[in-house]
Every structure is written in C-alpha cells, then in structure tokens.
file my_file_3.tsv (TSV, C-alpha atoms)
chain	number	residue	atom	x	y	z
R	1	MET	CA	17.69	-0.31	2.56
R	2	CYS	CA	14.81	0.48	0.24
R	3	LEU	CA	14.37	-1.44	-2.99
R	4	LEU	CA	12.27	0.27	-5.62
R	5	ALA	CA	9.76	-2.18	-7.01
R	6	ARG	CA	7.43	-0.27	-9.26
R	7	ASN	CA	5.93	-2.45	-11.97
R	8	SER	CA	5.73	-1.26	-15.55
R	9	PHE	CA	2.21	-2.60	-16.04
R	10	ARG	CA	0.85	0.30	-13.99
R	11	ARG	CA	1.16	2.40	-17.12
R	12	HIS	CA	-1.27	0.12	-18.95
R	13	PRO	CA	-4.43	-0.24	-16.82
R	14	PHE	CA	-7.39	-1.79	-18.60
R	15	HIS	CA	-9.87	0.50	-20.24
R	16	PRO	CA	-12.66	-0.70	-22.56
R	17	ALA	CA	-11.38	1.65	-25.26
R	18	MET	CA	-8.21	-0.43	-25.43
R	19	ALA	CA	-10.18	-3.17	-27.12
R	20	LEU	CA	-10.86	-0.97	-30.17
R	21	PRO	CA	-7.34	-0.67	-31.63
R	22	LEU	CA	-6.71	-4.30	-30.76
R	23	ALA	CA	-9.86	-5.38	-32.57
R	24	ALA	CA	-8.80	-3.28	-35.54
R	25	LEU	CA	-5.42	-4.98	-35.49
R	26	ALA	CA	-7.07	-8.40	-35.56
R	27	ALA	CA	-9.35	-7.30	-38.39
R	28	SER	CA	-6.39	-6.08	-40.40
R	29	LEU	CA	-5.05	-9.61	-40.45
R	30	SER	CA	-7.91	-10.58	-42.74
R	31	VAL	CA	-6.56	-8.40	-45.56
R	32	PRO	CA	-5.58	-10.69	-48.46
R	33	SER	CA	-1.87	-11.45	-48.42
R	34	ALA	CA	0.56	-14.31	-48.61
R	35	ALA	CA	-0.04	-14.94	-44.92
R	36	HIS	CA	-3.84	-14.82	-45.23
R	37	GLY	CA	-4.21	-18.59	-45.43
R	38	GLN	CA	-2.17	-19.07	-42.26
R	39	ALA	CA	-4.09	-16.40	-40.33
R	40	ALA	CA	-7.46	-17.79	-41.41
R	41	ALA	CA	-6.48	-21.27	-40.19
R	42	PHE	CA	-6.20	-20.15	-36.57
R	43	PRO	CA	-7.70	-21.45	-34.41
R	44	ALA	CA	-8.21	-24.76	-36.18
R	45	LYS	CA	-9.18	-26.80	-33.12
R	46	PRO	CA	-10.03	-26.41	-29.40
R	47	LEU	CA	-7.41	-24.73	-27.24
R	48	ARG	CA	-5.85	-26.05	-24.04
R	49	LEU	CA	-5.44	-23.49	-21.26
R	50	ILE	CA	-2.90	-24.96	-18.86
R	51	VAL	CA	-3.04	-23.86	-15.22
R	52	PRO	CA	0.14	-24.84	-13.31
R	53	VAL	CA	-1.63	-25.14	-9.94
R	54	ALA	CA	-4.40	-27.25	-8.44
R	55	PRO	CA	-8.04	-26.12	-8.80
R	56	GLY	CA	-9.10	-23.33	-6.47
R	57	GLY	CA	-6.03	-21.06	-6.46
R	58	GLY	CA	-5.78	-17.54	-7.82
R	59	ILE	CA	-4.40	-18.61	-11.20
R	60	ASP	CA	-7.17	-21.19	-11.56
R	61	LEU	CA	-9.78	-18.59	-10.68
R	62	VAL	CA	-8.53	-16.19	-13.34
R	63	ALA	CA	-8.30	-18.92	-15.98
R	64	ARG	CA	-11.85	-20.12	-15.37
R	65	ALA	CA	-13.19	-16.57	-15.34
R	66	VAL	CA	-11.65	-15.88	-18.76
R	67	ALA	CA	-12.02	-19.23	-20.57
R	68	PRO	CA	-15.75	-19.24	-21.46
R	69	ARG	CA	-15.74	-15.77	-23.03
R	70	LEU	CA	-12.38	-16.37	-24.74
R	71	SER	CA	-13.90	-19.49	-26.29
R	72	GLU	CA	-16.73	-17.39	-27.73
R	73	GLU	CA	-14.28	-14.85	-29.11
R	74	LEU	CA	-12.14	-17.50	-30.82
R	75	GLY	CA	-14.99	-19.70	-31.99
R	76	GLN	CA	-13.36	-22.78	-30.48
R	77	GLY	CA	-13.51	-24.50	-27.13
R	78	VAL	CA	-11.02	-23.39	-24.48
R	79	ILE	CA	-10.42	-26.27	-22.08
R	80	VAL	CA	-8.85	-25.48	-18.70
R	81	GLU	CA	-6.32	-28.15	-17.75
R	82	ASN	CA	-4.75	-28.16	-14.28
R	83	ARG	CA	-1.15	-29.42	-14.37
R	84	ALA	CA	0.04	-28.81	-10.80
R	85	GLY	CA	3.39	-29.78	-9.37
R	86	ASN	CA	6.99	-28.74	-8.74
R	87	ALA	CA	6.16	-25.15	-7.75
R	88	MET	CA	4.28	-24.52	-11.02
R	89	VAL	CA	7.22	-25.74	-13.12
R	90	THR	CA	5.39	-28.84	-14.40
R	91	GLY	CA	2.53	-26.90	-15.97
R	92	THR	CA	4.74	-24.12	-17.28
R	93	ALA	CA	7.06	-26.66	-18.93
R	94	ALA	CA	4.04	-28.27	-20.62
R	95	VAL	CA	3.28	-24.92	-22.27
R	96	ALA	CA	6.91	-24.21	-23.21
R	97	LYS	CA	7.29	-27.61	-24.87
R	98	ALA	CA	3.96	-27.62	-26.72
R	99	ALA	CA	3.64	-27.07	-30.47
R	100	PRO	CA	4.02	-23.32	-31.16
R	101	ASP	CA	0.72	-23.01	-33.01
R	102	GLY	CA	-1.36	-21.10	-30.45
R	103	HIS	CA	-3.54	-24.06	-29.46
R	104	THR	CA	-1.78	-24.58	-26.11
R	105	LEU	CA	-1.68	-21.60	-23.78
R	106	GLY	CA	-0.79	-21.08	-20.13
R	107	VAL	CA	-1.95	-18.79	-17.35
R	108	ASN	CA	0.72	-17.92	-14.83
R	109	ASN	CA	1.47	-15.27	-12.23
R	110	THR	CA	4.36	-13.49	-10.52
R	111	ASN	CA	5.86	-16.86	-9.65
R	112	LEU	CA	6.81	-17.30	-13.31
R	113	ALA	CA	9.43	-14.56	-12.93
R	114	ALA	CA	10.52	-15.49	-9.42
R	115	ILE	CA	11.11	-19.16	-10.11
R	116	ALA	CA	13.68	-18.19	-12.74
R	117	ALA	CA	15.78	-16.77	-9.90
R	118	LEU	CA	14.99	-19.52	-7.40
R	119	ARG	CA	15.99	-22.48	-9.57
R	120	GLN	CA	19.47	-23.04	-10.97
R	121	SER	CA	18.03	-25.40	-13.56
R	122	LEU	CA	14.63	-25.32	-15.25
R	123	PRO	CA	13.28	-27.46	-18.11
R	124	TYR	CA	12.64	-24.25	-20.05
R	125	ASP	CA	14.05	-20.75	-20.50
R	126	THR	CA	11.50	-18.30	-19.12
R	127	LEU	CA	12.22	-15.53	-21.62
R	128	ARG	CA	13.03	-17.66	-24.66
R	129	ASP	CA	10.64	-20.61	-24.48
R	130	LEU	CA	7.47	-18.69	-23.61
R	131	ALA	CA	5.76	-16.07	-25.78
R	132	PRO	CA	3.93	-13.42	-23.73
R	133	ILE	CA	0.43	-12.58	-25.01
R	134	SER	CA	-1.14	-10.25	-22.45
R	135	LEU	CA	-1.59	-9.51	-18.80
R	136	LEU	CA	-5.07	-10.44	-17.57
R	137	ALA	CA	-5.38	-8.99	-14.08
R	138	THR	CA	-3.51	-7.87	-10.99
R	139	GLN	CA	-4.28	-8.45	-7.33
R	140	PRO	CA	-3.15	-6.42	-4.30
R	141	SER	CA	-1.93	-7.92	-1.04
R	142	VAL	CA	-2.15	-6.75	2.56
R	143	VAL	CA	0.21	-7.10	5.53
R	144	VAL	CA	-1.70	-8.76	8.36
R	145	VAL	CA	-0.72	-9.88	11.85
R	146	HIS	CA	-2.33	-11.89	14.61
R	147	PRO	CA	-4.07	-9.50	17.05
R	148	SER	CA	-1.85	-10.74	19.90
R	149	LEU	CA	1.23	-9.22	18.26
R	150	PRO	CA	1.81	-5.83	19.95
R	151	VAL	CA	1.96	-3.77	16.76
R	152	LYS	CA	-0.67	-1.61	15.07
R	153	THR	CA	1.37	-0.02	12.27
R	154	MET	CA	4.02	-1.05	9.76
R	155	GLY	CA	6.48	1.18	11.60
R	156	GLU	CA	5.89	-0.70	14.83
R	157	LEU	CA	6.26	-4.05	13.03
R	158	VAL	CA	9.60	-3.01	11.54
R	159	LYS	CA	10.81	-1.74	14.92
R	160	LEU	CA	9.83	-5.00	16.63
R	161	ALA	CA	11.42	-7.12	13.91
R	162	LYS	CA	14.68	-5.18	14.23
R	163	ALA	CA	14.66	-5.68	17.99
R	164	ARG	CA	13.93	-9.40	17.59
R	165	PRO	CA	15.71	-10.55	14.39
R	166	ASN	CA	14.51	-13.91	13.05
R	167	GLN	CA	12.09	-14.32	15.95
R	168	LEU	CA	8.90	-13.10	14.29
R	169	THR	CA	7.42	-15.79	12.07
R	170	TYR	CA	5.76	-15.18	8.72
R	171	GLY	CA	4.01	-17.80	6.65
R	172	SER	CA	3.78	-18.39	2.92
R	173	GLY	CA	2.29	-20.87	0.49
R	174	GLY	CA	5.81	-22.04	-0.37
R	175	ILE	CA	9.09	-20.62	-1.60
R	176	GLY	CA	8.50	-18.28	-4.53
R	177	THR	CA	4.74	-17.91	-4.04
R	178	SER	CA	3.14	-14.47	-4.00
R	179	ILE	CA	2.83	-14.43	-0.19
R	180	HIS	CA	6.52	-15.24	0.13
R	181	LEU	CA	7.66	-12.69	-2.45
R	182	ALA	CA	5.61	-9.85	-0.95
R	183	ALA	CA	7.03	-10.54	2.53
R	184	ALA	CA	10.59	-11.00	1.25
R	185	LEU	CA	10.39	-7.63	-0.49
R	186	ILE	CA	9.32	-6.05	2.80
R	187	GLY	CA	12.34	-7.60	4.51
R	188	VAL	CA	14.70	-6.27	1.84
R	189	SER	CA	13.08	-2.82	1.80
R	190	ALA	CA	13.01	-2.43	5.59
R	191	GLY	CA	16.28	-4.20	6.35
R	192	ILE	CA	14.64	-6.72	8.69
R	193	GLU	CA	14.81	-10.48	9.02
R	194	MET	CA	11.82	-12.61	9.98
R	195	LEU	CA	11.62	-16.40	10.12
R	196	HIS	CA	9.98	-17.83	7.00
R	197	VAL	CA	7.59	-20.76	7.52
R	198	PRO	CA	6.53	-22.26	4.16
R	199	TYR	CA	3.25	-24.17	3.81
R	200	LYS	CA	1.64	-26.09	0.97
R	201	GLY	CA	-0.78	-23.35	-0.06
R	202	ALA	CA	-2.18	-20.06	1.20
R	203	GLY	CA	-5.15	-21.62	3.02
R	204	PRO	CA	-3.08	-23.27	5.78
R	205	VAL	CA	-1.12	-20.04	6.25
R	206	LEU	CA	-4.25	-18.06	7.08
R	207	ALA	CA	-5.58	-20.87	9.27
R	208	ASP	CA	-2.41	-20.92	11.38
R	209	LEU	CA	-2.20	-17.13	11.45
R	210	VAL	CA	-5.77	-16.83	12.73
R	211	GLY	CA	-5.01	-19.62	15.21
R	212	GLY	CA	-2.02	-17.74	16.59
R	213	HIS	CA	0.61	-20.20	15.38
R	214	LEU	CA	2.10	-17.55	13.07
R	215	GLN	CA	2.55	-13.84	13.63
R	216	VAL	CA	2.75	-12.21	10.18
R	217	ALA	CA	1.69	-12.86	6.58
R	218	VAL	CA	1.16	-10.90	3.37
R	219	PRO	CA	-1.77	-12.69	1.66
R	220	THR	CA	-3.83	-11.42	-1.23
R	221	LEU	CA	-6.51	-8.92	-0.33
R	222	GLY	CA	-9.40	-11.19	-1.28
R	223	SER	CA	-8.27	-14.03	0.97
R	224	ALA	CA	-7.52	-11.78	3.96
R	225	LEU	CA	-10.58	-9.47	3.94
R	226	PRO	CA	-13.02	-11.79	5.76
R	227	PHE	CA	-10.58	-12.23	8.65
R	228	VAL	CA	-9.77	-8.51	8.84
R	229	ALA	CA	-13.47	-7.60	8.79
R	230	THR	CA	-14.20	-9.87	11.75
R	231	GLY	CA	-11.17	-8.74	13.76
R	232	ARG	CA	-9.43	-12.11	13.64
R	233	LEU	CA	-6.50	-10.47	11.85
R	234	ARG	CA	-5.14	-6.92	12.01
R	235	ALA	CA	-4.26	-5.13	8.76
R	236	LEU	CA	-1.15	-2.94	8.92
R	237	GLY	CA	-0.60	-1.90	5.31
R	238	VAL	CA	-1.65	-2.56	1.73
R	239	THR	CA	1.04	-3.33	-0.83
R	240	THR	CA	-0.24	-1.09	-3.64
R	241	ALA	CA	0.90	2.42	-4.55
R	242	GLN	CA	-2.45	3.90	-3.47
R	243	ARG	CA	-4.86	3.01	-0.69
R	244	LEU	CA	-7.62	0.54	-1.52
R	245	ALA	CA	-11.35	1.18	-1.47
R	246	ALA	CA	-11.88	-2.10	0.38
R	247	LEU	CA	-9.64	-0.93	3.26
R	248	PRO	CA	-9.61	2.88	3.03
R	249	GLN	CA	-8.37	3.33	6.60
R	250	VAL	CA	-5.30	1.13	6.06
R	251	PRO	CA	-2.24	3.03	4.75
R	252	THR	CA	0.02	1.72	2.03
R	253	VAL	CA	3.29	0.09	3.05
R	254	ALA	CA	5.12	2.86	1.19
R	255	GLU	CA	3.43	5.69	3.08
R	256	SER	CA	4.14	3.82	6.32
R	257	GLY	CA	7.87	4.41	5.92
R	258	LEU	CA	9.05	1.89	3.30
R	259	ARG	CA	9.30	4.41	0.48
R	260	GLY	CA	9.22	2.87	-2.96
R	261	TYR	CA	7.69	-0.40	-1.80
R	262	GLU	CA	5.04	-1.79	-4.10
R	263	TYR	CA	3.90	-5.32	-4.71
R	264	THR	CA	0.99	-6.61	-6.75
R	265	THR	CA	0.44	-10.17	-7.92
R	266	TRP	CA	-0.04	-10.24	-11.68
R	267	TYR	CA	-1.67	-12.86	-13.89
R	268	GLY	CA	-0.78	-13.28	-17.55
R	269	LEU	CA	-1.32	-15.44	-20.61
R	270	THR	CA	1.56	-17.06	-22.52
R	271	ALA	CA	2.05	-19.33	-25.52
R	272	PRO	CA	5.01	-21.52	-26.47
R	273	GLY	CA	8.05	-19.63	-27.73
R	274	GLY	CA	8.14	-19.40	-31.50
R	275	THR	CA	4.38	-18.98	-31.88
R	276	PRO	CA	3.81	-16.90	-35.07
R	277	ALA	CA	3.26	-13.18	-34.58
R	278	HIS	CA	-0.12	-13.22	-36.34
R	279	VAL	CA	-1.36	-15.91	-33.96
R	280	LEU	CA	-0.17	-13.93	-30.92
R	281	ALA	CA	-1.91	-10.84	-32.31
R	282	ALA	CA	-5.16	-12.74	-32.84
R	283	LEU	CA	-4.99	-14.17	-29.33
R	284	GLN	CA	-4.25	-10.81	-27.76
R	285	ALA	CA	-7.13	-9.16	-29.60
R	286	ALA	CA	-9.47	-11.90	-28.37
R	287	VAL	CA	-8.14	-11.47	-24.82
R	288	ALA	CA	-8.70	-7.70	-24.95
R	289	ARG	CA	-12.32	-8.22	-26.01
R	290	THR	CA	-12.74	-10.88	-23.32
R	291	ILE	CA	-11.43	-8.68	-20.51
R	292	ALA	CA	-13.55	-5.78	-21.83
R	293	ASP	CA	-16.70	-7.89	-21.47
R	294	PRO	CA	-18.69	-6.45	-18.52
R	295	GLY	CA	-19.50	-9.89	-17.15
R	296	VAL	CA	-15.88	-11.00	-17.13
R	297	SER	CA	-14.49	-7.77	-15.70
R	298	ALA	CA	-17.18	-7.59	-13.00
R	299	GLY	CA	-16.48	-11.18	-12.01
R	300	LEU	CA	-12.79	-10.42	-11.59
R	301	VAL	CA	-13.49	-7.27	-9.59
R	302	ARG	CA	-15.73	-9.24	-7.22
R	303	GLN	CA	-12.67	-11.32	-6.39
R	304	GLU	CA	-10.64	-8.15	-5.62
R	305	LEU	CA	-8.80	-8.47	-8.96
R	306	GLN	CA	-8.07	-5.54	-11.27
R	307	PRO	CA	-8.71	-6.47	-14.93
R	308	MET	CA	-6.13	-5.26	-17.43
R	309	THR	CA	-4.49	-6.03	-20.76
R	310	ASN	CA	-1.37	-5.04	-22.64
R	311	THR	CA	0.37	-5.99	-25.89
R	312	PRO	CA	2.74	-8.94	-26.40
R	313	ALA	CA	5.66	-6.52	-26.69
R	314	GLU	CA	4.69	-4.69	-23.50
R	315	PHE	CA	4.19	-7.94	-21.62
R	316	ALA	CA	7.58	-9.21	-22.83
R	317	THR	CA	9.31	-6.05	-21.58
R	318	PHE	CA	7.45	-6.29	-18.28
R	319	LEU	CA	8.31	-9.96	-17.80
R	320	LYS	CA	12.02	-9.28	-18.41
R	321	ALA	CA	11.93	-6.51	-15.78
R	322	GLU	CA	10.17	-8.86	-13.34
R	323	VAL	CA	12.78	-11.58	-13.82
R	324	ASP	CA	15.55	-9.06	-13.12
R	325	LYS	CA	13.72	-7.60	-10.10
R	326	TRP	CA	13.13	-10.92	-8.37
R	327	ALA	CA	16.69	-12.01	-9.03
R	328	ARG	CA	17.77	-8.97	-6.97
R	329	VAL	CA	15.26	-9.71	-4.21
R	330	VAL	CA	16.28	-13.38	-4.00
R	331	ARG	CA	19.92	-12.32	-3.71
R	332	LEU	CA	19.37	-9.56	-1.14
R	333	ALA	CA	16.89	-11.57	0.94
R	334	LYS	CA	19.27	-14.55	0.88
R	335	ILE	CA	16.49	-16.88	-0.22
R	336	PRO	CA	17.93	-20.37	-0.82
R	337	VAL	CA	18.34	-21.21	-4.50
R	338	GLU	CA	17.59	-24.81	-5.49
call {"tool": "encode", "arguments": {"input": "my_file_3.tsv", "output": "structure tokens"}}
result
Amino acid sequence: MCLLARNSFRRHPFHPAMALPLAALAASLSVPSAAHGQAAAFPAKPLRLIVPVAPGGGIDLVARAVAPRLSEELGQGVIVENRAGNAMVTGTAAVAKAAPDGHTLGVNNTNLAAIAALRQSLPYDTLRDLAPISLLATQPSVVVVHPSLPVKTMGELVKLAKARPNQLTYGSGGIGTSIHLAAALIGVSAGIEMLHVPYKGAGPVLADLVGGHLQVAVPTLGSALPFVATGRLRALGVTTAQRLAALPQVPTVAESGLRGYEYTTWYGLTAPGGTPAHVLAALQAAVARTIADPGVSAGLVRQELQPMTNTPAEFATFLKAEVDKWARVVRLAKIPVE
C-alpha cells in the first residue's frame, strides 16, 4: 500500500523576494485608521518564545537561530523559554493558554500535528487554540541501517522486513517524534511491520544504532551525516522528493520503489488562538525579514535546514492537512493512541 504524503509547503519555498510584499503589508498597517492605535501598540513589551523541548533539540536550534534577528525586527526582546515535558504538550499548552496579544509565541514542528492524532485528550485544540503565523524551515531525513544488516537498498530492506515481520528493530526519540513518524510512514507505504523501540531523544537512538543494538532508524539528515560519512551507518534513501546535495549518491525513498513517499520535518511559529489579525500580520512580516537575513538563512542551511516562510492562511491550511495526514498514518500503522 502506498500512502501519498506530499506536503503543501513545497509550493512556498523561501525566496528573499517574498519579504517584499510582506514588508509592504506590514507598512500598510501604519495607514491612519480606527485600528491604527492598536497596531502601533504592538509589540508593547518583550516577547516570550516558548520551545516545548529541552535545550539542544531541533526546535530549540531553530528558535535560537531566529530569536536575535526577530528581536531586532520587532524592536523588543525575544526571550527563548524551554518548557519541555509530556511529548511537547506542556509547552504547546502554555502558548495556547497565553493572552492572545502576540507577546507569547511558540515554535513547534511536525509533532504538533501528529500529537493531535496520538492523544485522545489534549489541554488545547490544535486547530482552534493556536494561530499559525509562518513556517520557518524544513529538514530532510535519511533512512539508515547498521552496516551489519544485509541490505544496501530500500528495496532490499523492504524485502527483508516482509520476510521477517516485526523482527527488524527501528528506534525513535519517542512516540510521535519525527524519527517515529518518518519510519511509520515507510511502514504504511511499503506494507511492512518493524518493531518500534522508543527512546527519550534522538541521541540515544543513534548511539544504539551505531553500537549495533538497533538495526534501522530514520533520523534527520544533520544528525546522521557524520555517521554515514565515517561508514558507521549505511544510508539507504533520503525522504525528500529530490536527491540531496549532501548525499547525491543516495536515492530518494520514492525512487527506490515507495512511490509517493515523502517526509520532511517542518518547523513553524504559532501564537495563541484569537490573536488579532493585524498582530499576526506584523509578526509574519517580521519573520519573513528575519528568515531573509543572510546570516540567519546561512546559519540554518549549515544545520541542513531549508529556510522558508508562508502566510498565516497558508500555514493554517497546511497544518489542517498535516493533522488529517497523520491521523491516517496513526490509524493505518496501528500506533497506540493514549
């Protein structure tokens, strides 16, 4: 069975020219009107940028890469606050329940959509209680195996997994994390079942994979590259629609036989639901200028991240599609729902 998983954000890659209409939109808010006083009052104080994971993870990296320049654009401090716990729910709930005035924001990733399908009860409604502002970046992943596993292609991995159902082990940083989702989507697309071994973070997964205690994983490209380069892990396929410059000899998962497969971890900025439209517009314009800054974009690229932005409306449409997509994957992959 092949599940199509093409993400709508691919139609909106970042380009510096995108900042121009967004800047014009922000400037238009200064035109005298009944709402002028409200628009001029934002931001009125430093902003909190809540990261729902501990320091050092991908979300934290993106937040800290963006915060200094965003502070300059807004003329107020942007303070990164790590609120880890409960599979990112704790930090996300802090954003959803904050005052809807634009002074509390959150950076999240693909897990935001997946957790909506993995939890029967959440302290917030993902689509109602959060106001999308913009995507910030995306990050590809790569299917890697321990060199002792007798496979050199995705086709051989699928064949082996079908011959040995639930015997091959794959690791993840926990249920609903990017490593888990990317692997689960492979299972659904290829019609295979492997044994999921969840860890508390991506670091231990790679350590056990390199040590031979696991056989398969689908980590982000940046975390896997050093091990692939030194031969401690073997790369079978990249999860993007096209091959990657960092691994030009490694085919995509789709071209390896799983037609339609595509997975990319995304990172995005949200505000509490009910935040006024003019505040969201001002924030998005500031984000577009931030991501367009050569220093910020180059820093993201060095971490194997692809900078990008889109509008609040586009991000809202994308997030709804992501929630629906991962609900299907969770159901088809028979991932336990809490």
call {"tool": "closest_atom_pairs", "arguments": {"input": "my_file_3.tsv", "of": "stretch 59-140 of chain R", "to": "stretch 180-199 of chain R", "cutoff": "9 Å", "atoms": "all atoms listed in the file", "output": "JSON lines"}}
result
{"residue": "R:Thr110", "atom": "CA", "partner": "R:Leu181", "partner_atom": "CA", "distance": 8.8}
{"residue": "R:Asn111", "atom": "CA", "partner": "R:Leu181", "partner_atom": "CA", "distance": 8.5}
{"residue": "R:Ala114", "atom": "CA", "partner": "R:Leu181", "partner_atom": "CA", "distance": 8.0}
call {"tool": "write_last_selection", "arguments": {"input": "my_file_3.tsv", "atoms": "C-alpha atoms", "output": "PDB file, in the frame of the given file"}}
result
ATOM      1  CA  THR R 110       4.360 -13.490 -10.520  1.00  0.00           C
ATOM      2  CA  ASN R 111       5.860 -16.860  -9.650  1.00  0.00           C
ATOM      3  CA  ALA R 114      10.520 -15.490  -9.420  1.00  0.00           C
TER       4      ALA R 114
END
call {"tool": "closest_atom_pairs", "arguments": {"input": "my_file_3.tsv", "of": "stretch 144-243 of chain R", "to": "stretch 52-64 of chain R", "cutoff": "10 Å", "atoms": "only C-alpha atoms", "output": "tab-separated table"}}
result
residue	atom	partner	partner_atom	distance
R:Gly201	CA	R:Gly57	CA	8.6
R:Ala202	CA	R:Gly57	CA	8.6
R:Gly203	CA	R:Gly57	CA	9.5
R:Thr220	CA	R:Gly58	CA	9.2
R:Gly222	CA	R:Gly58	CA	9.8
R:Ser223	CA	R:Gly58	CA	9.8
call {"tool": "residues_around", "arguments": {"input": "my_file_3.tsv", "residues": "R:Gly91", "least_positions_apart": "4", "cutoff": "12 Å", "atoms": "all atoms listed in the file", "output": "compact mmCIF listing (two decimals) with C-alpha atoms, keeping the file's coordinate frame"}}
result
# COMPACT_ATOMS: atom_id res chain seq x y z
CA ARG R 48 -5.85 -26.05 -24.04
CA LEU R 49 -5.44 -23.49 -21.26
CA ILE R 50 -2.90 -24.96 -18.86
CA VAL R 51 -3.04 -23.86 -15.22
CA PRO R 52 0.14 -24.84 -13.31
CA VAL R 53 -1.63 -25.14 -9.94
CA ALA R 54 -4.40 -27.25 -8.44
CA ILE R 59 -4.40 -18.61 -11.20
CA VAL R 80 -8.85 -25.48 -18.70
CA GLU R 81 -6.32 -28.15 -17.75
CA ASN R 82 -4.75 -28.16 -14.28
CA ARG R 83 -1.15 -29.42 -14.37
CA ALA R 84 0.04 -28.81 -10.80
CA GLY R 85 3.39 -29.78 -9.37
CA ASN R 86 6.99 -28.74 -8.74
CA ALA R 87 6.16 -25.15 -7.75
CA VAL R 95 3.28 -24.92 -22.27
CA ALA R 96 6.91 -24.21 -23.21
CA LYS R 97 7.29 -27.61 -24.87
CA ALA R 98 3.96 -27.62 -26.72
CA THR R 104 -1.78 -24.58 -26.11
CA LEU R 105 -1.68 -21.60 -23.78
CA GLY R 106 -0.79 -21.08 -20.13
CA VAL R 107 -1.95 -18.79 -17.35
CA ASN R 108 0.72 -17.92 -14.83
CA LEU R 112 6.81 -17.30 -13.31
CA PRO R 123 13.28 -27.46 -18.11
CA TYR R 124 12.64 -24.25 -20.05
CA THR R 270 1.56 -17.06 -22.52
call {"tool": "atom_distance", "arguments": {"input": "my_file_3.tsv", "atom1": "atom CA of R:Val210", "atom2": "atom CA of R:Val301"}}
result
25.5 Å
call {"tool": "atom_distance", "arguments": {"input": "my_file_3.tsv", "atom1": "atom CA of R:Leu319", "atom2": "atom CA of R:Pro132"}}
result
8.1 Å
call {"tool": "residues_near_point", "arguments": {"input": "my_file_3.tsv", "point": "(2.0, -6.1, -3.9)", "cutoff": "8 Å", "atoms": "only C-alpha atoms", "output": "number ranges by chain"}}
result
R: 139-142, 182, 238-240, 262-265
call {"tool": "residues_around", "arguments": {"input": "my_file_3.tsv", "residues": "R:Val330", "least_positions_apart": "4", "cutoff": "8 Å", "atoms": "only C-alpha atoms", "output": "VMD selection string"}}
result
chain R and resid 117 to 118 326 334 to 336
call {"tool": "closest_residue", "arguments": {"input": "my_file_3.tsv", "among": "R:Ala94, R:Ile115, R:Ala217, R:Ala321", "to": "R:Pro272", "atoms": "only C-alpha atoms"}}
result
R:Ala94
call {"tool": "closest_residue", "arguments": {"input": "my_file_3.tsv", "among": "R:Leu157, R:Trp266, R:Arg243, R:Ser297", "to": "R:Glu322", "atoms": "all atoms listed in the file"}}
result
R:Trp266
call {"tool": "atom_distance", "arguments": {"input": "my_file_3.tsv", "atom1": "atom CA of R:Thr317", "atom2": "atom CA of R:Thr290"}}
result
22.6 Å
call {"tool": "residues_around", "arguments": {"input": "my_file_3.tsv", "residues": "R:Gly295", "least_positions_apart": "5", "cutoff": "12 Å", "atoms": "all atoms listed in the file", "output": "list in words"}}
result
Ala65, Val66, Pro68, Arg69, Arg289, Thr290, Leu300, Val301, Arg302 and Pro307 of chain R
call {"tool": "residues_around", "arguments": {"input": "my_file_3.tsv", "residues": "R:Thr126", "least_positions_apart": "2", "cutoff": "9 Å", "atoms": "all atoms listed in the file", "output": "ChimeraX atom specification"}}
result
/R:96,112-113,116,122,124,128-130,323
call {"tool": "closest_residue", "arguments": {"input": "my_file_3.tsv", "among": "R:Ala271, R:Val145, R:Val329, R:Val337", "to": "R:Ala131", "atoms": "only C-alpha atoms"}}
result
R:Ala271
call {"tool": "residues_near_point", "arguments": {"input": "my_file_3.tsv", "point": "(3.8, -17.1, -33.1)", "cutoff": "8 Å", "atoms": "only C-alpha atoms", "output": "ChimeraX atom specification"}}
result
/R:100-102,131,273-280
call {"tool": "decode", "arguments": {"input": "my_file_3.tsv", "residues": "stretch 306-318 of chain R", "atoms": "N, CA and C atoms", "output": "short mmCIF file (atom, residue, chain, number, x, y, z; two decimals), in the first residue's frame"}}
result
data_model
loop_
_atom_site.label_atom_id
_atom_site.label_comp_id
_atom_site.auth_asym_id
_atom_site.auth_seq_id
_atom_site.Cartn_x
_atom_site.Cartn_y
_atom_site.Cartn_z
N GLN R 306 16.28 23.88 5.59
CA GLN R 306 15.90 24.70 4.45
C GLN R 306 15.03 25.85 4.93
N PRO R 307 15.52 27.09 4.92
CA PRO R 307 14.70 28.22 5.37
C PRO R 307 13.50 28.41 4.47
N MET R 308 12.37 28.81 5.04
CA MET R 308 11.19 29.12 4.25
C MET R 308 10.17 29.87 5.09
N THR R 309 9.27 30.56 4.41
CA THR R 309 8.17 31.24 5.08
C THR R 309 6.89 31.05 4.28
N ASN R 310 5.77 31.28 4.92
CA ASN R 310 4.50 31.36 4.20
C ASN R 310 3.56 32.26 5.02
N THR R 311 2.34 32.44 4.55
CA THR R 311 1.42 33.36 5.22
C THR R 311 0.65 32.62 6.31
N PRO R 312 0.02 33.35 7.24
CA PRO R 312 -0.80 32.68 8.24
C PRO R 312 -1.90 31.80 7.63
N ALA R 313 -2.52 32.28 6.56
CA ALA R 313 -3.57 31.48 5.92
C ALA R 313 -3.01 30.21 5.31
N GLU R 314 -1.86 30.32 4.65
CA GLU R 314 -1.23 29.15 4.05
C GLU R 314 -0.77 28.16 5.11
N PHE R 315 -0.21 28.67 6.19
CA PHE R 315 0.23 27.79 7.27
C PHE R 315 -0.97 27.10 7.91
N ALA R 316 -2.08 27.81 8.07
CA ALA R 316 -3.28 27.22 8.65
C ALA R 316 -3.81 26.07 7.79
N THR R 317 -3.84 26.29 6.48
CA THR R 317 -4.29 25.24 5.55
C THR R 317 -3.35 24.04 5.61
N PHE R 318 -2.05 24.32 5.64
CA PHE R 318 -1.04 23.27 5.71
C PHE R 318 -1.17 22.46 7.00
#
